[in-house]
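What's in query_30.cif: mmCIF, C-alpha atoms and all ligand atoms
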```
data_data
loop_
_atom_site.group_PDB
_atom_site.id
_atom_site.type_symbol
_atom_site.label_atom_id
_atom_site.label_comp_id
_atom_site.auth_asym_id
_atom_site.auth_seq_id
_atom_site.Cartn_x
_atom_site.Cartn_y
_atom_site.Cartn_z
ATOM 1 C CA LYS A 1 183.591 187.752 97.393
ATOM 2 C CA ASP A 2 182.384 185.561 100.172
ATOM 3 C CA PHE A 3 180.337 182.469 99.517
ATOM 4 C CA LEU A 4 179.115 180.805 102.694
ATOM 5 C CA TYR A 5 177.930 177.244 102.418
ATOM 6 C CA PHE A 6 175.689 175.507 104.946
ATOM 7 C CA SER A 7 174.552 171.931 104.638
ATOM 8 C CA GLN A 8 171.634 172.793 106.928
ATOM 9 C CA ILE A 9 170.252 176.081 108.183
ATOM 10 C CA ASN A 10 166.918 177.570 109.218
ATOM 11 C CA SER A 11 166.765 180.140 106.425
ATOM 12 C CA THR A 12 169.526 181.795 104.420
ATOM 13 C CA ASN A 13 167.622 185.095 104.576
ATOM 14 C CA ASN A 14 167.514 184.814 108.378
ATOM 15 C CA TYR A 15 171.223 184.088 108.516
ATOM 16 C CA VAL A 16 171.988 187.222 106.556
ATOM 17 C CA LYS A 17 169.625 189.290 108.668
ATOM 18 C CA GLU A 18 171.228 188.110 111.902
ATOM 19 C CA ASN A 19 174.784 188.580 110.669
ATOM 20 C CA GLN A 20 174.509 191.602 108.462
ATOM 21 C CA GLU A 21 176.789 193.734 110.578
ATOM 22 C CA LYS A 22 179.720 191.485 109.834
ATOM 23 C CA LEU A 23 178.987 190.468 106.262
ATOM 24 C CA GLU A 24 180.576 192.152 103.324
ATOM 25 C CA SER A 25 178.453 193.475 100.531
ATOM 26 C CA ALA A 26 177.800 190.875 97.815
ATOM 27 C CA THR A 27 178.203 187.948 100.195
ATOM 28 C CA VAL A 28 176.220 184.923 99.091
ATOM 29 C CA VAL A 29 174.794 182.515 101.656
ATOM 30 C CA TYR A 30 173.884 179.119 100.293
ATOM 31 C CA ALA A 31 172.175 176.208 102.013
ATOM 32 C CA GLU A 32 171.654 172.667 100.881
ATOM 33 C CA ARG A 33 168.653 172.320 103.183
ATOM 34 C CA GLN A 34 166.509 174.855 105.045
ATOM 35 C CA ASN A 35 164.197 173.849 107.870
ATOM 36 C CA ALA A 36 162.449 177.209 108.162
ATOM 37 C CA GLY A 37 162.613 178.645 104.662
ATOM 38 C CA ARG A 38 160.431 181.690 104.235
ATOM 39 C CA GLY A 39 158.362 182.755 101.257
ATOM 40 C CA ARG A 40 156.568 185.963 100.401
ATOM 41 C CA PHE A 41 153.410 187.098 102.183
ATOM 42 C CA GLY A 42 154.475 185.349 105.386
ATOM 43 C CA ARG A 43 154.326 181.899 103.855
ATOM 44 C CA SER A 44 156.854 179.177 104.377
ATOM 45 C CA TRP A 45 159.072 177.917 101.588
ATOM 46 C CA ILE A 46 158.896 174.160 101.527
ATOM 47 C CA ASP A 47 162.340 172.636 101.345
ATOM 48 C CA LEU A 48 162.871 170.384 98.354
ATOM 49 C CA GLU A 49 165.985 168.264 98.000
ATOM 50 C CA LYS A 50 168.624 169.085 95.382
ATOM 51 C CA GLY A 51 167.484 172.634 94.853
ATOM 52 C CA VAL A 52 169.135 176.024 94.985
ATOM 53 C CA LYS A 53 168.455 178.123 98.079
ATOM 54 C CA MET A 54 170.585 181.160 98.500
ATOM 55 C CA SER A 55 170.590 184.774 99.588
ATOM 56 C CA ILE A 56 172.537 187.636 98.135
ATOM 57 C CA PHE A 57 173.425 190.368 100.597
ATOM 58 C CA LEU A 58 173.893 193.887 99.280
ATOM 59 C CA ARG A 59 174.917 196.972 101.155
ATOM 60 C CA LEU A 60 173.784 199.941 99.209
ATOM 61 C CA GLU A 61 174.964 203.463 99.826
ATOM 62 C CA VAL A 62 171.801 204.961 98.611
ATOM 63 C CA ILE A 63 168.767 202.860 98.776
ATOM 64 C CA ASP A 64 165.387 204.231 98.241
ATOM 65 C CA ILE A 65 162.415 202.019 98.716
ATOM 66 C CA GLU A 66 161.388 202.720 95.141
ATOM 67 C CA LYS A 67 164.408 200.781 93.900
ATOM 68 C CA VAL A 68 163.617 197.688 95.895
ATOM 69 C CA VAL A 69 160.601 196.543 93.928
ATOM 70 C CA PRO A 70 162.531 196.903 90.651
ATOM 71 C CA LEU A 71 165.536 195.129 92.216
ATOM 72 C CA THR A 72 163.462 192.100 92.928
ATOM 73 C CA LEU A 73 162.003 192.170 89.401
ATOM 74 C CA PHE A 74 165.524 192.514 88.072
ATOM 75 C CA THR A 75 166.584 189.399 90.006
ATOM 76 C CA GLY A 76 163.681 187.423 88.567
ATOM 77 C CA LEU A 77 164.685 188.514 85.103
ATOM 78 C CA ILE A 78 168.255 187.331 85.690
ATOM 79 C CA VAL A 79 167.095 183.892 86.825
ATOM 80 C CA ASN A 80 164.749 183.691 83.845
ATOM 81 C CA ARG A 81 167.580 184.677 81.509
ATOM 82 C CA VAL A 82 169.837 181.937 82.860
ATOM 83 C CA LEU A 83 167.093 179.325 82.574
ATOM 84 C CA ARG A 84 166.468 180.393 78.988
ATOM 85 C CA LYS A 85 170.140 179.679 78.231
ATOM 86 C CA TYR A 86 169.369 176.095 79.139
ATOM 87 C CA LYS A 87 166.468 176.088 76.673
ATOM 88 C CA VAL A 88 163.998 176.113 79.533
ATOM 89 C CA GLN A 89 160.803 177.858 78.390
ATOM 90 C CA SER A 90 160.273 179.781 81.592
ATOM 91 C CA PHE A 91 158.140 182.884 82.098
ATOM 92 C CA ILE A 92 157.838 185.562 84.759
ATOM 93 C CA LYS A 93 154.686 186.144 86.735
ATOM 94 C CA TRP A 94 154.732 189.627 88.224
ATOM 95 C CA SER A 95 156.395 190.478 90.349
ATOM 96 C CA ASN A 96 159.013 187.783 90.444
ATOM 97 C CA ASP A 97 157.766 184.240 90.308
ATOM 98 C CA ILE A 98 159.334 182.139 87.600
ATOM 99 C CA LEU A 99 156.913 179.691 86.058
ATOM 100 C CA LEU A 100 157.493 176.704 83.889
ATOM 101 C CA ASN A 101 154.544 175.087 82.145
ATOM 102 C CA GLY A 102 152.279 177.212 84.327
ATOM 103 C CA LYS A 103 153.800 176.093 87.625
ATOM 104 C CA LYS A 104 156.202 177.853 89.922
ATOM 105 C CA VAL A 105 159.818 176.776 89.638
ATOM 106 C CA CYS A 106 161.468 179.722 91.398
ATOM 107 C CA GLY A 107 160.477 182.263 94.036
ATOM 108 C CA ILE A 108 162.313 185.335 95.266
ATOM 109 C CA LEU A 109 161.993 187.015 98.648
ATOM 110 C CA THR A 110 163.621 190.427 98.867
ATOM 111 C CA GLU A 111 163.912 192.033 102.272
ATOM 112 C CA LEU A 112 165.175 195.401 103.373
ATOM 113 C CA SER A 113 166.911 196.106 106.588
ATOM 114 C CA GLY A 114 168.905 198.881 108.095
ATOM 115 C CA GLU A 115 167.851 202.438 107.710
ATOM 116 C CA LEU A 116 165.600 203.367 104.910
ATOM 117 C CA GLU A 117 167.068 206.712 104.265
ATOM 118 C CA GLY A 118 170.709 206.784 103.448
ATOM 119 C CA ALA A 119 172.529 203.472 103.563
ATOM 120 C CA GLY A 120 170.559 200.283 103.609
ATOM 121 C CA ASN A 121 170.925 196.549 103.383
ATOM 122 C CA VAL A 122 169.054 194.350 100.980
ATOM 123 C CA ILE A 123 168.660 190.596 101.235
ATOM 124 C CA ILE A 124 167.606 188.828 98.080
ATOM 125 C CA GLY A 125 166.587 185.231 98.700
ATOM 126 C CA ILE A 126 166.288 182.917 95.727
ATOM 127 C CA GLY A 127 164.669 179.512 95.859
ATOM 128 C CA LEU A 128 164.917 177.472 92.672
ATOM 129 C CA ASN A 129 163.543 173.950 92.350
ATOM 130 C CA VAL A 130 166.080 172.003 90.349
ATOM 131 C CA ASN A 131 166.611 168.270 90.663
ATOM 132 C CA ALA A 132 163.990 167.072 93.120
ATOM 133 C CA ALA A 133 162.304 164.077 91.570
ATOM 134 C CA SER A 134 159.031 164.527 93.398
ATOM 135 C CA LEU A 135 157.017 167.177 95.163
ATOM 136 C CA PRO A 136 154.844 166.937 98.262
ATOM 137 C CA ASP A 137 151.141 166.582 97.463
ATOM 138 C CA GLU A 138 150.267 170.122 98.509
ATOM 139 C CA LEU A 139 152.630 171.520 95.880
ATOM 140 C CA LEU A 140 151.761 169.258 92.979
ATOM 141 C CA GLU A 141 149.234 171.637 91.423
ATOM 142 C CA ILE A 142 151.191 174.831 91.900
ATOM 143 C CA ALA A 143 154.889 174.079 91.779
ATOM 144 C CA THR A 144 157.356 172.088 89.768
ATOM 145 C CA THR A 145 161.078 171.398 89.331
ATOM 146 C CA LEU A 146 163.382 171.759 86.344
ATOM 147 C CA ARG A 147 163.997 168.043 86.341
ATOM 148 C CA LYS A 148 160.310 167.207 86.331
ATOM 149 C CA GLU A 149 159.506 169.466 83.389
ATOM 150 C CA MET A 150 162.647 168.910 81.341
ATOM 151 C CA GLY A 151 163.151 165.214 82.038
ATOM 152 C CA MET A 152 166.801 165.564 82.978
ATOM 153 C CA ASP A 153 169.108 166.540 85.805
ATOM 154 C CA PHE A 154 170.761 169.953 85.851
ATOM 155 C CA ASP A 155 174.233 170.890 87.031
ATOM 156 C CA ARG A 156 173.393 173.015 90.046
ATOM 157 C CA THR A 157 176.890 174.400 90.451
ATOM 158 C CA ARG A 158 176.797 175.798 86.941
ATOM 159 C CA ILE A 159 173.361 177.280 87.441
ATOM 160 C CA ILE A 160 174.449 178.995 90.665
ATOM 161 C CA ILE A 161 177.566 180.412 89.041
ATOM 162 C CA GLU A 162 175.636 181.637 86.029
ATOM 163 C CA ILE A 163 172.966 183.318 88.124
ATOM 164 C CA LEU A 164 175.559 185.055 90.297
ATOM 165 C CA GLU A 165 177.731 186.108 87.369
ATOM 166 C CA GLU A 166 174.829 187.435 85.378
ATOM 167 C CA PHE A 167 173.507 189.219 88.460
ATOM 168 C CA GLU A 168 176.844 190.846 89.159
ATOM 169 C CA ASN A 169 177.481 191.819 85.547
ATOM 170 C CA GLU A 170 174.123 193.489 85.179
ATOM 171 C CA LEU A 171 173.889 195.060 88.630
ATOM 172 C CA GLU A 172 175.969 198.047 87.518
ATOM 173 C CA ASN A 173 173.542 198.640 84.687
ATOM 174 C CA PHE A 174 170.677 198.342 87.084
ATOM 175 C CA LYS A 175 172.256 200.816 89.489
ATOM 176 C CA ASN A 176 173.029 203.292 86.716
ATOM 177 C CA TYR A 177 169.968 203.040 84.559
ATOM 178 C CA GLY A 178 167.355 201.437 86.777
ATOM 179 C CA PHE A 179 164.745 198.954 85.739
ATOM 180 C CA SER A 180 163.905 200.732 82.491
ATOM 181 C CA ARG A 181 166.978 199.193 80.884
ATOM 182 C CA PHE A 182 165.505 195.718 81.496
ATOM 183 C CA ARG A 183 161.880 196.531 80.945
ATOM 184 C CA ASP A 184 161.564 195.244 77.370
ATOM 185 C CA GLU A 185 163.107 191.913 78.247
ATOM 186 C CA TYR A 186 160.943 191.672 81.356
ATOM 187 C CA LYS A 187 157.811 192.426 79.348
ATOM 188 C CA SER A 188 158.605 189.858 76.711
ATOM 189 C CA TYR A 189 158.495 187.102 79.348
ATOM 190 C CA CYS A 190 155.832 188.501 81.639
ATOM 191 C CA ILE A 191 152.669 186.426 81.490
ATOM 192 C CA ASN A 192 150.386 188.951 83.166
ATOM 193 C CA LEU A 193 150.204 191.328 80.236
ATOM 194 C CA GLY A 194 146.902 191.384 78.411
ATOM 195 C CA LYS A 195 145.195 189.301 81.077
ATOM 196 C CA GLU A 196 142.557 189.763 83.738
ATOM 197 C CA ILE A 197 144.155 189.575 87.137
ATOM 198 C CA VAL A 198 143.057 189.500 90.754
ATOM 199 C CA ILE A 199 145.035 191.612 93.192
ATOM 200 C CA ASN A 200 145.371 190.432 96.790
ATOM 201 C CA GLY A 201 142.456 188.094 96.255
ATOM 202 C CA VAL A 202 139.847 190.847 95.871
ATOM 203 C CA GLN A 203 140.347 193.530 93.275
ATOM 204 C CA ARG A 204 139.945 192.584 89.643
ATOM 205 C CA ALA A 205 141.766 194.430 86.928
ATOM 206 C CA PHE A 206 143.022 194.136 83.383
ATOM 207 C CA CYS A 207 146.783 194.231 83.132
ATOM 208 C CA LYS A 208 147.987 196.357 80.248
ATOM 209 C CA ASP A 209 151.602 197.287 80.875
ATOM 210 C CA ILE A 210 154.674 197.269 83.098
ATOM 211 C CA GLY A 211 155.853 200.761 84.068
ATOM 212 C CA GLN A 212 159.376 202.190 83.969
ATOM 213 C CA ASN A 213 159.930 201.166 87.596
ATOM 214 C CA GLY A 214 158.395 197.751 87.231
ATOM 215 C CA GLU A 215 154.967 198.617 88.540
ATOM 216 C CA LEU A 216 151.966 196.831 87.094
ATOM 217 C CA ILE A 217 149.749 199.154 85.086
ATOM 218 C CA CYS A 218 146.164 198.012 85.077
ATOM 219 C CA VAL A 219 142.737 199.175 84.102
ATOM 220 C CA GLN A 220 140.089 198.896 86.756
ATOM 221 C CA ASP A 221 136.530 200.168 86.230
ATOM 222 C CA GLY A 222 137.735 202.166 83.267
ATOM 223 C CA LYS A 223 140.461 203.881 85.288
ATOM 224 C CA GLU A 224 144.182 203.335 85.156
ATOM 225 C CA VAL A 225 145.735 202.041 88.373
ATOM 226 C CA LYS A 226 149.343 201.348 89.218
ATOM 227 C CA ILE A 227 150.201 198.447 91.462
ATOM 228 C CA GLN A 228 153.515 198.586 93.295
ATOM 229 C CA SER A 229 153.213 195.440 95.330
ATOM 230 C CA GLY A 230 150.797 192.757 96.284
ATOM 231 C CA GLU A 231 149.855 189.297 95.261
ATOM 232 C CA VAL A 232 148.512 188.871 91.788
ATOM 233 C CA THR A 233 146.619 185.883 90.447
ATOM 234 C CA ILE A 234 145.809 185.479 86.817
ATOM 235 C CA ARG A 235 142.325 184.630 85.600
ATOM 236 C CA TRP A 236 142.834 182.453 82.558
HETATM 237 C C1 LIG A 301 158.291 183.199 97.342
HETATM 238 O O1 LIG A 301 157.415 183.156 98.195
HETATM 239 O O2 LIG A 301 158.027 183.008 96.153
HETATM 240 C C2 LIG A 301 159.720 183.494 97.718
HETATM 241 C C3 LIG A 301 160.466 182.259 98.098
HETATM 242 C C4 LIG A 301 161.906 182.545 98.480
HETATM 243 C C5 LIG A 301 162.642 181.316 98.970
HETATM 244 C C6 LIG A 301 164.104 181.578 99.196
HETATM 245 S S1 LIG A 301 165.043 180.096 99.473
HETATM 246 C C7 LIG A 301 166.429 181.039 99.960
HETATM 247 C C8 LIG A 301 165.908 182.209 100.773
HETATM 248 N N1 LIG A 301 165.776 181.859 102.170
HETATM 249 C C9 LIG A 301 164.500 181.873 102.573
HETATM 250 O O3 LIG A 301 164.113 181.586 103.728
HETATM 251 N N2 LIG A 301 163.694 182.210 101.557
HETATM 252 C C10 LIG A 301 164.452 182.488 100.348
#
```
Please express what this file holds, its structure, as structure tokens.
Ligand code: BTN
Amino acid sequence: KDFLYFSQINSTNNYVKENQEKLESATVVYAERQNAGRGRFGRSWIDLEKGVKMSIFLRLEVIDIEKVVPLTLFTGLIVNRVLRKYKVQSFIKWSNDILLNGKKVCGILTELSGELEGAGNVIIGIGLNVNAASLPDELLEIATTLRKEMGMDFDRTRIIIEILEEFENELENFKNYGFSRFRDEYKSYCINLGKEIVINGVQRAFCKDIGQNGELICVQDGKEVKIQSGEVTIRW
């Protein structure tokens, strides 16, 4: 499969989007530095040195929107699984932030393009903070790097290979069985469960479960609500 390396790019997700017609499914686009990295909810993804920034491009024959939320949760679970192999005590904050010691170490931006019905293209962008020694002031409270928390450097090449191998190995299972196959593992690392959360900055709810398709099952004013997407903050 193709692995495209850029020492500098605007955003690996943008590259895939602009070149999707000519890319083969499962192409990985990797960049050492991004000058216009994008995050979720229209935010920018600040570029840290010595990190992992890559996008996985998938052409799916049948893609229904309902699979996309679970696909992004699945990707978070894969990254978490690889980090755990390195004895990193990481956790998942729904839907797919990876936290270490309460701070974000990895973010995932999944985008859909192409037609929604029938064939479709999915771009899964992964940003993992690995060996940067320091963070800009505005990130100090909310983000971290593996090196900062673990006190050592990590072999980025190995991490990339492990994430991609694990992703590829499990993707068949995901396609065949859906998220439910990964739900127990996801739940065991998900920090939202059993906590009060705030959804999109306004609605408060108590988070009691993760559904078969990865949705957040909450209780709000005594009623059960299912959350498919949105930004969730935890009230400690
Ligand atoms: C988030 O907001 O948590 C998602 C961050 C995703 C960042 C990655 S880095 C590689 C890829 N290219 C981008 O522009 N964004 C994603």
Next item on the list: For Val82 (chain A), please output as an MDAnalysis selection string all residues within 9 Å (counting only C-alpha atoms; exclusion window: fewer than 2 positions along the same chain).
Entry: chainID A and resid 77:80 84:86 88 159 162:163 166
Next item on the list: Could you tell me which of A:Arg81, A:Lys148, A:Arg59, A:Arg33 comes closest to Lys103 (chain A) if we count all atoms listed in the file?
Entry: A:Lys148
Notebook entry, point to check: When distances are computed from all atoms listed in the file, which of A:Tyr189, A:Phe206, A:Tyr30, A:Phe174 shows the smallest separation from ligand LIG 301 (chain A)?
Noted result: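 For ligand LIG 301 (chain A), the nearest of the candidates is A:Tyr30.
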Notebook entry, point to check: Any chance you could work out the residue set of the PyMOL selection byres (((chain A and resi 223-229) around 10) and not hetatm) here, as a PyMOL selection string?
Noted result: chain A and resi 66+69-70+94-95+199-200+205-211+213-222+230-232
Which chain A residues have any atom within 8 Å of an atom of ligand LIG 301 (chain A), and for each, what is the nearest pair of atoms with distance in Å to one decimal, counting only C-alpha atoms and all ligand atoms, rows sorted by chain and number, as a tab-separated table?
```
residue	atom	partner	partner_atom	distance
A:Asn10	CA	A:LIG301	O3	7.4
A:Ser11	CA	A:LIG301	O3	4.0
A:Thr12	CA	A:LIG301	N1	4.4
A:Asn13	CA	A:LIG301	N1	4.4
A:Asn14	CA	A:LIG301	O3	6.6
A:Tyr30	CA	A:LIG301	C7	7.7
A:Ala31	CA	A:LIG301	C7	7.8
A:Gln34	CA	A:LIG301	O3	7.3
A:Ala36	CA	A:LIG301	O3	6.4
A:Gly37	CA	A:LIG301	O3	3.4
A:Arg38	CA	A:LIG301	O3	3.7
A:Gly39	CA	A:LIG301	O1	3.2
A:Arg40	CA	A:LIG301	O1	3.7
A:Phe41	CA	A:LIG301	O1	6.9
A:Arg43	CA	A:LIG301	O1	6.6
A:Ser44	CA	A:LIG301	O1	7.4
A:Trp45	CA	A:LIG301	C5	5.6
A:Val52	CA	A:LIG301	S1	7.3
A:Lys53	CA	A:LIG301	C7	4.0
A:Met54	CA	A:LIG301	C7	4.4
A:Ser55	CA	A:LIG301	C8	5.5
A:Asn96	CA	A:LIG301	O2	7.5
A:Asp97	CA	A:LIG301	O2	6.0
A:Cys106	CA	A:LIG301	O2	6.7
A:Gly107	CA	A:LIG301	O2	3.3
A:Ile108	CA	A:LIG301	C2	4.0
A:Leu109	CA	A:LIG301	C2	4.3
A:Ile124	CA	A:LIG301	C8	7.3
A:Gly125	CA	A:LIG301	C8	3.7
A:Ile126	CA	A:LIG301	C6	4.3
A:Gly127	CA	A:LIG301	S1	3.7
A:Leu128	CA	A:LIG301	S1	7.3
```
Next item on the list: Kindly resolve the PyMOL selection byres (((chain A and resi 1) around 10) and not hetatm) on the present coordinates and return the residues as a PyMOL selection string.
Entry: chain A and resi 2-4+24-28
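In this model, the gap between CA of Asn35 (chain A) and CA of Asp153 (chain A) comes to 23.8 Å.
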Next item on the list: Would you list the contacts of Leu171 (chain A) as a PyMOL selection string, taking every protein, DNA or RNA residue within 12 Å and counting all atoms listed in the file, but skipping same-chain residues closer than 4 positions in sequence?
Entry: chain A and resi 26+58+60+70-72+74-75+77-78+163-167+175-179+181-182
When you get a chance, write out N, CA and C atoms for region 88-118 of chain A, as a short mmCIF file (atom, residue, chain, number, x, y, z; two decimals), in the frame of the given file.
```cif
data_model
loop_
_atom_site.label_atom_id
_atom_site.label_comp_id
_atom_site.auth_asym_id
_atom_site.auth_seq_id
_atom_site.Cartn_x
_atom_site.Cartn_y
_atom_site.Cartn_z
N VAL A 88 165.18 176.29 78.69
CA VAL A 88 164.00 176.11 79.53
C VAL A 88 163.02 177.23 79.17
N GLN A 89 161.78 176.86 78.84
CA GLN A 89 160.80 177.86 78.39
C GLN A 89 160.09 178.49 79.59
N SER A 90 160.85 179.20 80.38
CA SER A 90 160.27 179.78 81.59
C SER A 90 159.68 181.16 81.32
N PHE A 91 158.77 181.56 82.20
CA PHE A 91 158.14 182.88 82.10
C PHE A 91 158.14 183.54 83.48
N ILE A 92 157.87 184.84 83.49
CA ILE A 92 157.84 185.56 84.76
C ILE A 92 156.40 185.95 85.08
N LYS A 93 155.98 185.64 86.27
CA LYS A 93 154.69 186.14 86.74
C LYS A 93 154.99 187.28 87.70
N TRP A 94 154.45 188.46 87.40
CA TRP A 94 154.73 189.63 88.22
C TRP A 94 154.42 189.33 89.67
N SER A 95 155.24 189.70 90.65
CA SER A 95 156.40 190.48 90.35
C SER A 95 157.63 189.63 90.03
N ASN A 96 157.80 188.55 90.75
CA ASN A 96 159.01 187.78 90.44
C ASN A 96 158.93 186.29 90.67
N ASP A 97 157.82 185.71 90.32
CA ASP A 97 157.77 184.24 90.31
C ASP A 97 158.20 183.78 88.93
N ILE A 98 158.98 182.71 88.90
CA ILE A 98 159.33 182.14 87.60
C ILE A 98 158.50 180.87 87.42
N LEU A 99 157.78 180.83 86.32
CA LEU A 99 156.91 179.69 86.06
C LEU A 99 157.43 178.87 84.89
N LEU A 100 157.15 177.60 84.99
CA LEU A 100 157.49 176.70 83.89
C LEU A 100 156.28 175.81 83.67
N ASN A 101 155.78 175.81 82.45
CA ASN A 101 154.54 175.09 82.14
C ASN A 101 153.43 175.44 83.14
N GLY A 102 153.37 176.72 83.47
CA GLY A 102 152.28 177.21 84.33
C GLY A 102 152.47 176.98 85.82
N LYS A 103 153.57 176.35 86.19
CA LYS A 103 153.80 176.09 87.62
C LYS A 103 155.07 176.77 88.10
N LYS A 104 155.08 177.09 89.40
CA LYS A 104 156.20 177.85 89.92
C LYS A 104 157.45 176.99 90.09
N VAL A 105 158.55 177.50 89.53
CA VAL A 105 159.82 176.78 89.64
C VAL A 105 160.82 177.59 90.47
N CYS A 106 160.56 178.89 90.61
CA CYS A 106 161.47 179.72 91.40
C CYS A 106 160.70 180.86 92.06
N GLY A 107 161.07 181.14 93.32
CA GLY A 107 160.48 182.26 94.04
C GLY A 107 161.58 183.13 94.61
N ILE A 108 161.30 184.40 94.76
CA ILE A 108 162.31 185.34 95.27
C ILE A 108 161.71 186.15 96.41
N LEU A 109 162.44 186.22 97.50
CA LEU A 109 161.99 187.02 98.65
C LEU A 109 163.04 188.09 98.94
N THR A 110 162.69 189.33 98.64
CA THR A 110 163.62 190.43 98.87
C THR A 110 163.23 191.16 100.13
N GLU A 111 164.19 191.35 101.01
CA GLU A 111 163.91 192.03 102.27
C GLU A 111 164.89 193.17 102.48
N LEU A 112 164.37 194.21 103.10
CA LEU A 112 165.18 195.40 103.37
C LEU A 112 165.48 195.45 104.85
N SER A 113 166.67 195.86 105.18
CA SER A 113 166.91 196.11 106.59
C SER A 113 167.88 197.26 106.72
N GLY A 114 168.08 197.69 107.91
CA GLY A 114 168.90 198.88 108.10
C GLY A 114 168.02 200.10 107.94
N GLU A 115 168.64 201.22 107.82
CA GLU A 115 167.85 202.44 107.71
C GLU A 115 167.27 202.54 106.31
N LEU A 116 166.19 203.22 106.23
CA LEU A 116 165.60 203.37 104.91
C LEU A 116 166.19 204.54 104.17
N GLU A 117 166.48 205.56 104.93
CA GLU A 117 167.07 206.71 104.26
C GLU A 117 168.57 206.64 104.43
N GLY A 118 169.27 206.93 103.40
CA GLY A 118 170.71 206.78 103.45
C GLY A 118 171.07 205.35 103.14
#
```
